[in-house]
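Colleague: Take this structure, written in structure tokens, and hold onto it; I'll ask about it next.
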2 protein chains.
Amino acid sequence: MKTLSSFVLDRWTAGNAPLATLVNPATEEAVAQTSTGGIDMGAVLDHARAHGGPSLRELTFAQRGELLKAWSKALHAARDELISLAMQNGGNTRGDAKFDVDGAIATLAHYAELGAQLGSLKAQRDGEPVQLGRTARYAGVHLWVPRDGVAVHINAFNFPAWGTAEKAACALLAGMPVVSKPATSTALVAHRLSEIGAPLLPRGAFQFLCGSPGDLLDRLGPQDVVAFTGSSQTAAKLREQLSKRGARLNVEADSLNAAVLGPDVAAGSATWDLFVSDVARDMTQKAGQKCTAVRRIFVAPERLGEAQEAIVDRLSQIHVGDPARAEVTMGPLSTADQLRDVRAGIARLASESAAVFGGDGSVKALAPEGKGYFVSPVLLVARDPAKAQVMHRDEVFGPVATLAAAATPAELVRRGGGGLVCSVYSDDRDFLRGCVLAIAPYHGRIYLGSEKVVGQTMGPGTVLPQLLHGGPGHAGGGEELGGLRGLQLYSQRVAIQGDRALLDAIAPARQDEKS
Amino acid sequence: MKTLSSFVLDRWTAGNAPLATLVNPATEEAVAQTSTGGIDMGAVLDHARAHGGPSLRELTFAQRGELLKAWSKALHAARDELISLAMQNGGNTRGDAKFDVDGAIATLAHYAELGAQLGSLKAQRDGEPVQLGRTARYAGVHLWVPRDGVAVHINAFNFPAWGTAEKAACALLAGMPVVSKPATSTALVAHRLSEIGAPLLPRGAFQFLCGSPGDLLDRLGPQDVVAFTGSSQTAAKLREQLSKRGARLNVEADSLNAAVLGPDVAAGSATWDLFVSDVARDMTQKAGQKCTAVRRIFVAPERLGEAQEAIVDRLSQIHVGDPARAEVTMGPLSTADQLRDVRAGIARLASESAAVFGGDGSVKALAPEGKGYFVSPVLLVARDPAKAQVMHRDEVFGPVATLAAAATPAELVRRGGGGLVCSVYSDDRDFLRGCVLAIAPYHGRIYLGSEKVVGQTMGPGTVLPQLLHGGPGHAGGGEELGGLRGLQLYSQRVAIQGDRALLDAIAPARQDEKS
């Protein structure tokens with residue numbers, strides 16, 4: 001069995017026993033083992049600070065962008081291999097694996113392009129200079145400068161390629177060295193992605209910990225950043241731990257993403273079809289293990305029956321099983337623990353709703369008898385959505401959603417307490433304006449499904465590098481991506497005031513902004 | 001003796017005993033008493049949520065700006081009264097009092113003008129829309145929307161007028177209702193400022209708690225914001241308390257602000273004079289009780305003697321005493337506790353430096369014998385600045401600074417662990433570029449003192465509404481002001497994606513941005 005190493009202090013280093021075992025969640029066969037035991041986390045951070053930070057800060061944005069471009073191209077060249085690893089270790093179908101791997105390739109390429117656009121700068125201006133004195137000579141300008149620390153990335157098990165790449169792209173382009181830690185259970189893809197990327201990057205700019213972070217977090221300070229994707233419970237512990245260290249923390253956690261069908265949308269219309277197809281895909285893609293998956297579906301009371309029928313029809317076409325088999329369209333959950341949690345979540349949801357597809361999640365999967373962490377897609381219908389608690393509170397991280405009749409959906413959407421994304425399907429401008437503005441403070445992203453964008457969108461569940469990813473409240477309060485906004489987490493915003501000529505010398509504008 | 005009330009639920013309400021007593025720190029005479037005992041903090045928050053938030057969000061930026069303009073004008077009309085209260089309760093000289101009161105008036109006026117510029121919008125776009133699909137029809141736009149909660153403001157004792165106004169201006173313009181709490185010891189000015197403002201604002205938009213916040217903070221949630229100015233110790237408690245509630249927290253805490261003299265600046269030059277005069281003022285204005293006051297002064301080794309001589313010369317011209325006396329140029333510290341802390345801080349600094357002015361801080365003040373919380377301006381010279389600990393760690397919140405010889409000042413500046421402002425005095429572009437970029441990640445603001453801005457600047461200690469106020473690390477990691485950046489704390493940034501025509505209908509651009 002393959003033993004995965006960590007990339008620290010310029011070399012691939014195997015950890016000491018005990019080793020964790022990575023399995024194929026469709027067959028429960030072991031595929032690799034790993035450990036970070038014995039790795040000196042203080043030395044890892046020192047290496048990033050001594051070599052990675054200074055090297056990256058010395059580069060222009062264009063040069064940092066070139067690094068990302070090289071990594072993106074190298075991943076593209078290894079695409080088939082990465083897809084195959086994702087299918088082995090992630091329970092991904094071929095389509096799921098492409099979604100993850102292509103997301104990584106595209107996000108690195110997007111940030112490479114942003115770097116090229118910023119050209120010879122090393123730090124970005126925030127807005128225009130402002131006059132402060134009687135004359136234009138005395139002025140102030142705001143600048144985003146790279147933080148003088150280390151970016152620690154703690155990724156989730158569901159997107160080992162995309163998660164690793166999107167966080168690294170933002171930090172490296174901002175000028176911060178990275179220590180990246182995948183979820184151990186699905187680390188195979190992240191490990192290969194790092195093997196490909198590490199030789200392309202400056203010394204100390206990217207290190208990879210294939211397993212536990214040990215005491216790494218207890219060694220951070222105020223110039224360091226932790227970007228965490230995972231559960232609210234782990235996030236709460238990190239908040240406590242890191243606030244004592246003064247490190248900046250970005251959290252992307254649980255989200256009860258809703259899909260809202262406008263009362264104007266009639267069954268069979270183009271917008272209706274977009275709604276049904278988005279909901280079915282975002283329930284079942286990656287077996288529902290997406291932080292942006294649809295968990296709650298709100299429709300006008302008079303549309304409930306038709307909506308239920310249409311979604312159930314789509315779900316009934318899903319073939320659950322081992323993704324190695326050609327006919328399978330939904331794979332297993334990633335781990336035995338996830339299966340246990342999802343089963344328990346379905347049971348909790350069933351206390352206030354009725355399953356209309358998939359029952360308790362038991363399924364006869366296309367897989368070796370008795371093996372694999374399979375669950376059926378499950379659609380429940382809420383008995384009383386206003387009184388319901390579980391559906392607005394518990395993120396069941398599988399192919400499970402609750403459908404509910406709602407005359408005033410915005411109120412129920414807000415009951416989720418803050419989410420990553422909400423999708424609203426309507427062609428009625430007044431309904432959209434009212435609904436969107438009512439739910440906007442509770443979301444990081446809102447997707448409008450309407451007739452005019454049919455055929456152009458990839459649905460609400462696809463996180464795009466151009467738009468923010470994150471959400472307030474329940475979703476953790478973080479912000480990633482959003483084009484150059486994604487660099488802000490890794491930057492300090494500083495105002496500089498003085499003689500305008502000196503400001504322009506210290507903090508030049510982009511060439512195309514120079515007047 | 002006057003009893004101060006709180007403005008809650010549309011009325012001025014006196015609290016129950018026991019009452020806290022506010023004194024004149026120059027004479028120790030009681031000037032007022034106050035308490036929030038018996039006030040139902042849950043009802044205060046409910047009132048803001050039920051009335052203040054909806055009213056403000058219904059207004060355009062221009063209309064919110066009009067409210068701030070009215071408040072600013074009303075304060076200007078009451079300027080003499082406010083200055084007099086500041087002198088009574090704050091230990092302020094007339095100049096100190098003007099600095100605080102005029103800062104409040106100007107900051108409200110600045111945000112009123114920003115509101116006028118944003119005109120009929122209710123939410124600001126962040127950047128330009130981006131194309132997401134094959135055609136320009138499918139696009140995304142980012143929007144800053146008001147958070148759907150309450151902005152709780154916890155102000156420091158040193159700027160009862162400016163602190164209350166600058167926080168309120170940003171929150172109200174952003175569209176969030178405010179609950180404002182001054183430091184009890186110097187609440188007289190904040191109370192009068194609130195008395196003047198409250199009738200001018202919509203119902204529930206501004207409430208004022210004249211004393212302890214009781215259990216207010218334990219009632220907050222993820223859409224609420226706390227903006228705190230005060231000590232690192234209190235900040236640490238708030239971080240723990242509020243992270244459990246999910247409320248957003250902005251901290252402006254301790255800061256070891258440095259002034260750096262470039263090696264090119266010769267004694268007697270215009271830049272030298274600016275340095276000496278800025279340092280002396282920012283050590284002694286408000287008796288050094290400014291979060292932006294100069295605490296550390298770094299000069300090239302060969303300039304140490306001349307710098308010491310020049311600063312001592314200025315300090316020796318200070319007259320410490322009761323600000324009611326015309327000849328007094330520096331008043332007392334605000335409270336007996338502050339005096340105790342500053343005395344202890346001077347003693348700690350003296351363990352690694354030698355006082356060259358002011359000794360241990362004892363002073364024969366122009367005041368009633370044996371009364372008042374007076375301290376002398378104190379200048380110390382560090383024996384070994386690289387080995388020193390206290391001068392880089394302990395904010396001594398009084399007219400106290402440490403001068404140190406430094407061949408490579410940026411390294412020592414960074415030892416402060418993150419500050420609000422650093423001033424750098426030089427006319428050498430290369431020195432400035434190197435120094436500024438080296439210290440930039442450790443600061444919220446950097447002030448360049450050079451020949452060409454002499455006569456136009458108010459020194460590094462003056463916080464301007466146009467520029468960010470806050471700093472990383474030791475300084476708390478917060479951001480306030482900075483023009484419209486100051487509204488971001490009170491806003492949720494949300495990406496909206498869909499048909500471009502719908503986006504423009506839901507989230508219109510500023511009129512002057514429409515093409």
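Identifiers in the structure tokens: chain A, B, ... in order shown; residue index from 1 per chain; ligand index from 1 in order shown.
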Mind dumping a table of every chain B residue within 7 Å of chain A, with the nearest atom pair and its distance in Å to one decimal, using only C-alpha atoms, sorted by chain and rising number, as a Markdown table?

Modeller:
```
| residue | atom | partner | partner_atom | distance |
| --- | --- | --- | --- | --- |
| B:Gly133 | CA | A:Gln456 | CA | 5.5 |
| B:Arg134 | CA | A:Gln456 | CA | 6.7 |
| B:Tyr138 | CA | A:Val453 | CA | 6.1 |
| B:Val145 | CA | A:Pro441 | CA | 6.1 |
| B:Pro146 | CA | A:Pro441 | CA | 6.6 |
| B:Arg147 | CA | A:Pro441 | CA | 5.3 |
| B:Asp148 | CA | A:Pro441 | CA | 6.3 |
| B:Pro222 | CA | A:Gly473 | CA | 4.8 |
| B:Glu240 | CA | A:Glu240 | CA | 6.8 |
| B:Gly246 | CA | A:Gly473 | CA | 6.2 |
| B:Arg429 | CA | A:Leu502 | CA | 6.7 |
| B:Arg433 | CA | A:Ile506 | CA | 5.0 |
| B:Ala440 | CA | A:Val494 | CA | 6.5 |
| B:Pro441 | CA | A:Arg147 | CA | 5.3 |
| B:His443 | CA | A:Val494 | CA | 6.2 |
| B:Gly444 | CA | A:Val494 | CA | 4.5 |
| B:Arg445 | CA | A:Ala495 | CA | 4.4 |
| B:Ile446 | CA | A:Ile496 | CA | 4.7 |
| B:Tyr447 | CA | A:Gln497 | CA | 5.0 |
| B:Leu448 | CA | A:Gly498 | CA | 4.8 |
| B:Gly449 | CA | A:Gly498 | CA | 6.6 |
| B:Lys452 | CA | A:Asp499 | CA | 6.4 |
| B:Val453 | CA | A:Asp499 | CA | 6.0 |
| B:Gln456 | CA | A:Gly133 | CA | 5.5 |
| B:Thr457 | CA | A:Gly133 | CA | 6.9 |
| B:Leu467 | CA | A:Ala495 | CA | 6.0 |
| B:Leu468 | CA | A:Ala495 | CA | 6.0 |
| B:Gly473 | CA | A:Pro222 | CA | 4.8 |
| B:Gln492 | CA | A:Pro441 | CA | 5.4 |
| B:Arg493 | CA | A:Gly444 | CA | 6.5 |
| B:Val494 | CA | A:Gly444 | CA | 4.5 |
| B:Ala495 | CA | A:Arg445 | CA | 4.4 |
| B:Ile496 | CA | A:Ile446 | CA | 4.7 |
| B:Gln497 | CA | A:Tyr447 | CA | 5.0 |
| B:Gly498 | CA | A:Leu448 | CA | 4.8 |
| B:Asp499 | CA | A:Val453 | CA | 6.0 |
| B:Leu502 | CA | A:Arg429 | CA | 6.7 |
| B:Ile506 | CA | A:Arg433 | CA | 5.0 |
```

Colleague: Residues within 6 Å of B:Leu22, please, as a ChimeraX atom specification. Count only C-alpha atoms; anything in the same chain fewer than 5 positions from it doesn't count.

Modeller: /B:30-33,185

Colleague: Hey, what's within 7 Å of B:Val320 if we count only C-alpha atoms and toss same-chain stuff fewer than 3 positions away? As a ChimeraX atom specification, please?

Modeller: /B:328-331,365-366,376

Colleague: Output all heavy atoms of each residue in that selection to a file, as a compact mmCIF listing (two decimals), in the first residue's frame.

Modeller:
```txt
# COMPACT_ATOMS: atom_id res chain seq x y z
N VAL B 328 -2.50 76.78 32.10
CA VAL B 328 -2.26 75.33 32.03
C VAL B 328 -2.31 74.83 30.58
O VAL B 328 -3.21 75.18 29.83
CB VAL B 328 -3.30 74.58 32.90
CG1 VAL B 328 -3.37 73.11 32.53
CG2 VAL B 328 -2.94 74.75 34.38
N THR B 329 -1.32 74.01 30.19
CA THR B 329 -1.29 73.47 28.82
C THR B 329 -1.42 71.94 28.79
O THR B 329 -1.50 71.35 27.73
CB THR B 329 0.00 73.89 28.09
OG1 THR B 329 1.13 73.49 28.88
CG2 THR B 329 0.04 75.40 27.88
N MET B 330 -1.41 71.30 29.95
CA MET B 330 -1.69 69.86 30.00
C MET B 330 -2.47 69.56 31.27
O MET B 330 -2.04 69.94 32.37
CB MET B 330 -0.41 69.03 29.94
CG MET B 330 -0.68 67.54 29.68
SD MET B 330 0.83 66.51 29.58
CE MET B 330 0.91 65.92 31.27
N GLY B 331 -3.59 68.88 31.12
CA GLY B 331 -4.44 68.57 32.26
C GLY B 331 -4.05 67.26 32.92
O GLY B 331 -3.00 66.67 32.62
N ALA B 365 1.59 70.30 40.34
CA ALA B 365 0.62 70.79 39.36
C ALA B 365 0.01 72.11 39.82
O ALA B 365 -0.06 72.40 41.02
CB ALA B 365 -0.48 69.75 39.17
N LEU B 366 -0.46 72.89 38.84
CA LEU B 366 -1.20 74.12 39.12
C LEU B 366 -2.65 73.71 39.43
O LEU B 366 -3.50 73.67 38.53
CB LEU B 366 -1.14 75.04 37.91
CG LEU B 366 0.28 75.47 37.50
CD1 LEU B 366 0.28 76.10 36.11
CD2 LEU B 366 0.84 76.45 38.54
N SER B 376 3.55 64.17 35.25
CA SER B 376 4.42 64.98 34.40
C SER B 376 4.61 64.30 33.05
O SER B 376 4.58 63.07 32.98
CB SER B 376 5.80 65.12 35.08
OG SER B 376 6.74 65.66 34.17
```

Colleague: Looking only at strand (DSSP E or B) from DSSP on the backbone, list the matching residues of stretch 175-409 of chain B as a PyMOL selection string.

Modeller: chain B and resi 178-181+206-208+225-229+248-252+258-261+296-299+320-321+330+353-357+366+378-382+400-405

Colleague: Mind pulling up the distance from atom CA of A:Asn89 to atom CA of A:Gly163?

Modeller: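 Between these atoms lies a distance of 15.7 Å.
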
Colleague: Expressed in Å to a single decimal, how great is the separation between atom CA of A:Pro54 and atom CA of A:Val150?

Modeller: 11.1 Å

Colleague: What residues in stretch 384-492 of chain A get the DSSP label helix (DSSP H, G or I)? Please answer as a count of residues only.

Modeller: 38

Colleague: One decimal, in Å: what's the spacing between atom CA of B:Phe374 and atom CA of B:Met87?

Modeller: 14.5 Å

Colleague: Could you pull the residues within 10 Å of B:Glu302, counting only C-alpha atoms, minus those fewer than 2 positions along the same chain, as a PyMOL selection string?

Modeller: chain B and resi 263+299-300+304-307+405-407
